[in-house]
Amino acid sequence: MADTQGEAHRIGELLRQARVLRGRSQADVAADLGYHQSKISRLEGGRGTEDIRVLREVARVLRIPPAHLGLAETALEAEPDDPETEDMLRRRTLLAASVTMLATPVPVAAAHPALVQALLPGAPPASTTESPSAEQLRQRAMNVRRLLTTCDYAELERTLPGLITDLRQAARSSGQPEEVSRFLATAYQTSASLFLKRGDAGTAWLAVGRAMAEAERFGDPLVLAASVRLQAHVLVREQHARQAVTLIQHTASQLTGSYDRRSPHHLAVLGLLLLRGVTAASRAGDRAATSEFVAEAKEVAQYITLDQPDVWANFSPTNVTLHQISAAVSFGDAGIALDAARPLMRRHIPVPERRAALWIETARAYAQQGRLADGYQALRIAETCAAQDVRRPAVRELVADMAARDRRRTLPELHHFSRRLGVPA
């Protein structure tokens with residue numbers, strides 16, 4: 001216990017010295033991170049330093065090498081075999097963002113060349129096979145959603161390029177362009193989700209730009225809202241959580257109300273948009289907005305229960321609770337998160353992505369409390385739910401930080417797990 005307290009005070013003093021050397025006040029640093037000043041004061045006093053996510057954010061703002069805070073010195077945004085360089089990533093991010101206006105060509109990303117090529121503006125390549133029917137395109141569009149919710153990301157990346165190419169061809173020649181446009185927007189949205197799962201926010205902007213343009217062309221407010229949800233997701237990943245909150249509030253305000261007369265599809269799209277608001281507001285440190293989004297999502301959930309991997313959008317009371325758990329972790333309320341998670345641990349959650357999310361957020365909560373052994377066990381359960389999901393960069397970063405915290409190597413199984421996930425030592 002004495003060693004733990006001494007380490008916490010060492011980290012707190014290092015944070016204070018780094019802040020003072022940069023001529024910044026506690027309030028200034030807190031504002032950058034979306035926290036109250038008291039959060040930084042507590043950290044500098046050696047309280048709450050076991051919260052890995054917060055420490056990483058503070059280290060980024062104060063430019064402290066993570067290793068100095070007992071964190072892993074890793075760059076896990078790309079897969080281990082991805083040869084991207086920092087300059088290449090920066091160029092691709094800027095170029096992909098500009099393609100939101102669909103005016104500038106983007107270089108093909110090394111990690112997903114076929115999918116990025118399919119997303120680029122311009123005429124799609126001519127098909128060498130017979131044009132699929134509208135029903136075949138619909139089935140394929142539904143299949144890519146299923147692959148996303150079952151976390152089969154490798155198959156999803158293989159499937160999307162051909163689907164997008166066929167949909168773009170069909171949009172140019174179909175007698176039902178509106179229906180094809182809806183499927184195409186869904187394929188673009190799914191592509192953006194895949195890039196975000198892979199930690200590739202730069203290329204996700206490209207897919208979001210195409211989805212937004214297709215939604216505008218289609219003219220359906222629900223398709224547009226689904227695209228806005230992904231745009232907000234990218235904004236949060238790029239440290240623009242407050243802008244994401246504003247965007248979601250504006251979009252959701254046009255869809256709320258009269259829930260007893262809305263279609264299940266309308267309610268699902270709105271519900272998922274509100275849950276993205278929960279994530280954005282909690283990452284921005286805005287408890288009031290988080291509570292508002294949660295309350296509205298609960299209201300919507302009273303009228304719908306979509307909790308199967310084969311539906312277009314799985315939204316249900318279970319999903320609302322999962323986002324409440326994630327928000328509690330973001331606020332550093334690990335005890336509250338674990339209390340909310342325990343009932344779900346005994347409940348069957350049919351969607352693999354949601355099952356994995358429960359145990360990953362549980363692992364984050366345990367890590368905040370310094371309970372590394374429990375966190376490791378939670379991650380192993382998550383791996384049984386969705387093995388590819390545990391290999392996402394965000395989860396691998398959590399594993400790296402947990403392993404770095406176990407400096408005495410009292411948990412050899414955690415270090416073995418880390419190596420098996422390809423996390424740098």
# chains A, B, ... in the order shown; residues from 1 in each chain; ligands from 1
call {"tool": "residues_around", "arguments": {"residues": "segment 16-33 of chain A", "least_positions_apart": "2", "cutoff": "9 Å", "atoms": "only C-alpha atoms", "output": "list in words"}}
result
Ile11, Gly12, Glu13, Leu14, Tyr35, His36, Gln37, Ser38, Lys39, Ile40, Ser41, Leu43, Glu44, Gly45, Val54, Glu57, Val58, Val61, Leu62, Arg63, Ile64, Gln239, Arg283, Ala284 and Gly285 of chain A
call {"tool": "residues_around", "arguments": {"residues": "segment 319-323 of chain A", "least_positions_apart": "4", "cutoff": "9 Å", "atoms": "only C-alpha atoms", "output": "MDAnalysis selection string"}}
result
chainID A and resid 271:272 275:276 278:279 294 297:298 301 307 314:315 327:328 340:341 344 354 357:358 361
call {"tool": "closest_residue", "arguments": {"among": "A:Val208, A:Ala403, A:Ile164, A:Leu411", "to": "Val423 of chain A", "atoms": "only C-alpha atoms"}}
result
A:Ala403
call {"tool": "closest_residue", "arguments": {"among": "A:Leu194, A:Leu137, A:Ala72, A:Ile349", "to": "Asp166 of chain A", "atoms": "only C-alpha atoms"}}
result
A:Leu137
call {"tool": "residues_around", "arguments": {"residues": "Tyr366 of chain A", "least_positions_apart": "4", "cutoff": "9 Å", "atoms": "only C-alpha atoms", "output": "ChimeraX atom specification"}}
result
/A:334-335,338,361-362,370-376,378
call {"tool": "write_last_selection", "arguments": {"atoms": "C-alpha atoms", "output": "tab-separated table (two decimals), in the first residue's frame"}}
result
chain	number	residue	atom	x	y	z
A	334	ALA	CA	-15.36	3.14	-11.68
A	335	GLY	CA	-17.52	1.99	-8.76
A	338	LEU	CA	-19.14	-1.75	-12.05
A	361	GLU	CA	-15.66	-1.28	-20.26
A	362	THR	CA	-15.64	-3.47	-17.15
A	370	GLY	CA	-5.89	-0.61	-9.93
A	371	ARG	CA	-7.45	-4.11	-10.01
A	372	LEU	CA	-5.31	-5.41	-12.85
A	373	ALA	CA	-6.06	-9.11	-12.29
A	374	ASP	CA	-9.81	-8.50	-12.51
A	375	GLY	CA	-9.28	-6.28	-15.55
A	376	TYR	CA	-7.31	-9.02	-17.28
A	378	ALA	CA	-12.67	-9.20	-18.01
call {"tool": "closest_residue", "arguments": {"among": "A:Ala288, A:Ala141, A:Ile304, A:Cys151", "to": "Arg355 of chain A", "atoms": "only C-alpha atoms"}}
result
A:Cys151
call {"tool": "closest_atom_pairs", "arguments": {"of": "segment 216-246 of chain A", "to": "segment 177-193 of chain A", "cutoff": "8 Å", "atoms": "only C-alpha atoms", "output": "Markdown table"}}
result
| residue | atom | partner | partner_atom | distance |
| --- | --- | --- | --- | --- |
| A:Arg217 | CA | A:Ser181 | CA | 7.9 |
| A:Phe218 | CA | A:Glu178 | CA | 5.9 |
| A:Val223 | CA | A:Arg182 | CA | 7.1 |
| A:Ala226 | CA | A:Gln189 | CA | 7.7 |
| A:Ser227 | CA | A:Gln189 | CA | 6.3 |
| A:Leu230 | CA | A:Gln189 | CA | 7.0 |
call {"tool": "residues_around", "arguments": {"residues": "Thr384 of chain A", "least_positions_apart": "4", "cutoff": "10 Å", "atoms": "only C-alpha atoms", "output": "ChimeraX atom specification"}}
result
/A:352,355-356,379-380,388,390
call {"tool": "closest_atom_pairs", "arguments": {"of": "segment 262-290 of chain A", "to": "segment 244-253 of chain A", "cutoff": "6 Å", "atoms": "only C-alpha atoms", "output": "Markdown table"}}
result
| residue | atom | partner | partner_atom | distance |
| --- | --- | --- | --- | --- |
| A:Gly277 | CA | A:Val245 | CA | 5.8 |
| A:Ala280 | CA | A:Val245 | CA | 5.7 |
| A:Ala281 | CA | A:Val245 | CA | 5.9 |
call {"tool": "write_last_selection", "arguments": {"atoms": "N, CA and C atoms", "output": "CSV table (one decimal), in the first residue's frame"}}
result
chain,number,residue,atom,x,y,z
A,277,GLY,N,-24.4,10.7,-28.4
A,277,GLY,CA,-24.3,11.9,-27.6
A,277,GLY,C,-23.9,11.6,-26.2
A,280,ALA,N,-20.1,11.3,-26.5
A,280,ALA,CA,-19.5,12.6,-26.7
A,280,ALA,C,-19.5,13.5,-25.5
A,281,ALA,N,-20.6,13.6,-24.9
A,281,ALA,CA,-20.8,14.5,-23.7
A,281,ALA,C,-19.9,14.0,-22.5
call {"tool": "select_by_dssp", "arguments": {"residues": "segment 218-282 of chain A", "states": "alpha helix (DSSP H)", "output": "PyMOL selection string"}}
result
chain A and resi 218+221-237+241-253+264-282
call {"tool": "write_last_selection", "arguments": {"atoms": "N, CA and C atoms", "output": "short mmCIF file (atom, residue, chain, number, x, y, z; two decimals), in the first residue's frame"}}
result
data_model
loop_
_atom_site.label_atom_id
_atom_site.label_comp_id
_atom_site.auth_asym_id
_atom_site.auth_seq_id
_atom_site.Cartn_x
_atom_site.Cartn_y
_atom_site.Cartn_z
N PHE A 218 -29.94 11.48 -51.16
CA PHE A 218 -31.11 10.64 -50.94
C PHE A 218 -32.25 11.44 -50.32
N PRO A 221 -34.10 12.07 -43.82
CA PRO A 221 -33.50 12.58 -42.58
C PRO A 221 -32.91 11.49 -41.69
N LEU A 222 -33.44 10.27 -41.79
CA LEU A 222 -32.91 9.19 -40.96
C LEU A 222 -31.55 8.72 -41.48
N VAL A 223 -31.40 8.64 -42.79
CA VAL A 223 -30.11 8.29 -43.37
C VAL A 223 -29.08 9.37 -43.03
N LEU A 224 -29.52 10.61 -43.08
CA LEU A 224 -28.63 11.72 -42.72
C LEU A 224 -28.24 11.65 -41.25
N ALA A 225 -29.21 11.34 -40.37
CA ALA A 225 -28.92 11.25 -38.93
C ALA A 225 -27.92 10.14 -38.63
N ALA A 226 -28.05 9.01 -39.36
CA ALA A 226 -27.10 7.91 -39.16
C ALA A 226 -25.70 8.33 -39.58
N SER A 227 -25.61 9.13 -40.63
CA SER A 227 -24.30 9.63 -41.07
C SER A 227 -23.75 10.65 -40.08
N VAL A 228 -24.62 11.50 -39.54
CA VAL A 228 -24.19 12.48 -38.53
C VAL A 228 -23.63 11.77 -37.30
N ARG A 229 -24.25 10.65 -36.94
CA ARG A 229 -23.76 9.89 -35.79
C ARG A 229 -22.30 9.48 -35.98
N LEU A 230 -21.96 9.05 -37.19
CA LEU A 230 -20.58 8.66 -37.46
C LEU A 230 -19.66 9.87 -37.54
N GLN A 231 -20.17 10.97 -38.07
CA GLN A 231 -19.37 12.19 -38.09
C GLN A 231 -19.03 12.61 -36.67
N ALA A 232 -19.99 12.51 -35.77
CA ALA A 232 -19.74 12.85 -34.37
C ALA A 232 -18.73 11.89 -33.75
N HIS A 233 -18.81 10.62 -34.15
CA HIS A 233 -17.86 9.63 -33.64
C HIS A 233 -16.43 10.02 -34.00
N VAL A 234 -16.23 10.42 -35.25
CA VAL A 234 -14.89 10.82 -35.68
C VAL A 234 -14.45 12.09 -34.92
N LEU A 235 -15.36 13.02 -34.73
CA LEU A 235 -15.02 14.24 -33.99
C LEU A 235 -14.54 13.91 -32.59
N VAL A 236 -15.20 12.98 -31.93
CA VAL A 236 -14.78 12.58 -30.58
C VAL A 236 -13.39 11.97 -30.62
N ARG A 237 -13.15 11.10 -31.60
CA ARG A 237 -11.83 10.47 -31.73
C ARG A 237 -10.73 11.51 -31.97
N ALA A 241 -14.86 16.68 -28.85
CA ALA A 241 -16.09 16.14 -28.26
C ALA A 241 -17.18 17.20 -28.10
N ARG A 242 -16.80 18.42 -27.75
CA ARG A 242 -17.82 19.45 -27.55
C ARG A 242 -18.54 19.77 -28.87
N GLN A 243 -17.80 19.83 -29.97
CA GLN A 243 -18.43 20.06 -31.26
C GLN A 243 -19.36 18.90 -31.62
N ALA A 244 -18.97 17.69 -31.24
CA ALA A 244 -19.81 16.53 -31.50
C ALA A 244 -21.12 16.62 -30.72
N VAL A 245 -21.04 17.08 -29.48
CA VAL A 245 -22.25 17.24 -28.66
C VAL A 245 -23.23 18.21 -29.33
N THR A 246 -22.71 19.35 -29.77
CA THR A 246 -23.56 20.35 -30.44
C THR A 246 -24.20 19.79 -31.70
N LEU A 247 -23.42 19.08 -32.49
CA LEU A 247 -23.91 18.50 -33.73
C LEU A 247 -25.05 17.51 -33.45
N ILE A 248 -24.86 16.65 -32.45
CA ILE A 248 -25.87 15.65 -32.13
C ILE A 248 -27.13 16.30 -31.56
N GLN A 249 -26.96 17.29 -30.69
CA GLN A 249 -28.12 17.97 -30.14
C GLN A 249 -28.97 18.59 -31.24
N HIS A 250 -28.33 19.24 -32.20
CA HIS A 250 -29.05 19.88 -33.29
C HIS A 250 -29.79 18.85 -34.14
N THR A 251 -29.12 17.74 -34.48
CA THR A 251 -29.73 16.72 -35.33
C THR A 251 -30.86 15.99 -34.61
N ALA A 252 -30.62 15.62 -33.35
CA ALA A 252 -31.63 14.86 -32.59
C ALA A 252 -32.88 15.69 -32.36
N SER A 253 -32.73 17.00 -32.20
CA SER A 253 -33.89 17.85 -31.92
C SER A 253 -34.92 17.79 -33.04
N PRO A 264 -40.17 1.64 -35.98
CA PRO A 264 -39.01 1.08 -35.28
C PRO A 264 -37.69 1.58 -35.86
N HIS A 265 -37.64 1.74 -37.17
CA HIS A 265 -36.41 2.22 -37.81
C HIS A 265 -36.08 3.65 -37.34
N HIS A 266 -37.08 4.50 -37.30
CA HIS A 266 -36.89 5.88 -36.83
C HIS A 266 -36.35 5.87 -35.40
N LEU A 267 -36.96 5.06 -34.55
CA LEU A 267 -36.57 5.02 -33.14
C LEU A 267 -35.15 4.47 -32.97
N ALA A 268 -34.80 3.47 -33.79
CA ALA A 268 -33.46 2.89 -33.69
C ALA A 268 -32.40 3.90 -34.09
N VAL A 269 -32.63 4.61 -35.19
CA VAL A 269 -31.66 5.61 -35.65
C VAL A 269 -31.52 6.71 -34.61
N LEU A 270 -32.64 7.21 -34.10
CA LEU A 270 -32.59 8.26 -33.09
C LEU A 270 -31.91 7.77 -31.82
N GLY A 271 -32.26 6.55 -31.39
CA GLY A 271 -31.67 6.01 -30.16
C GLY A 271 -30.16 5.91 -30.24
N LEU A 272 -29.66 5.40 -31.37
CA LEU A 272 -28.22 5.28 -31.53
C LEU A 272 -27.54 6.65 -31.61
N LEU A 273 -28.22 7.61 -32.20
CA LEU A 273 -27.68 8.97 -32.25
C LEU A 273 -27.56 9.55 -30.85
N LEU A 274 -28.58 9.34 -30.03
CA LEU A 274 -28.56 9.82 -28.64
C LEU A 274 -27.44 9.14 -27.84
N LEU A 275 -27.23 7.86 -28.10
CA LEU A 275 -26.16 7.16 -27.38
C LEU A 275 -24.78 7.66 -27.80
N ARG A 276 -24.65 8.05 -29.07
CA ARG A 276 -23.40 8.70 -29.47
C ARG A 276 -23.24 10.01 -28.72
N GLY A 277 -24.37 10.68 -28.45
CA GLY A 277 -24.33 11.90 -27.64
C GLY A 277 -23.86 11.62 -26.22
N VAL A 278 -24.27 10.48 -25.65
CA VAL A 278 -23.80 10.10 -24.31
C VAL A 278 -22.28 9.99 -24.30
N THR A 279 -21.75 9.31 -25.32
CA THR A 279 -20.29 9.14 -25.40
C THR A 279 -19.58 10.49 -25.57
N ALA A 280 -20.09 11.31 -26.47
CA ALA A 280 -19.45 12.61 -26.74
C ALA A 280 -19.49 13.50 -25.51
N ALA A 281 -20.64 13.59 -24.86
CA ALA A 281 -20.78 14.46 -23.69
C ALA A 281 -19.91 13.99 -22.53
N SER A 282 -19.84 12.67 -22.33
CA SER A 282 -19.01 12.17 -21.23
C SER A 282 -17.53 12.39 -21.52
#
call {"tool": "residues_around", "arguments": {"residues": "Arg392 of chain A", "least_positions_apart": "2", "cutoff": "8 Å", "atoms": "only C-alpha atoms", "output": "PyMOL selection string"}}
result
chain A and resi 197-199+388-390+394-396
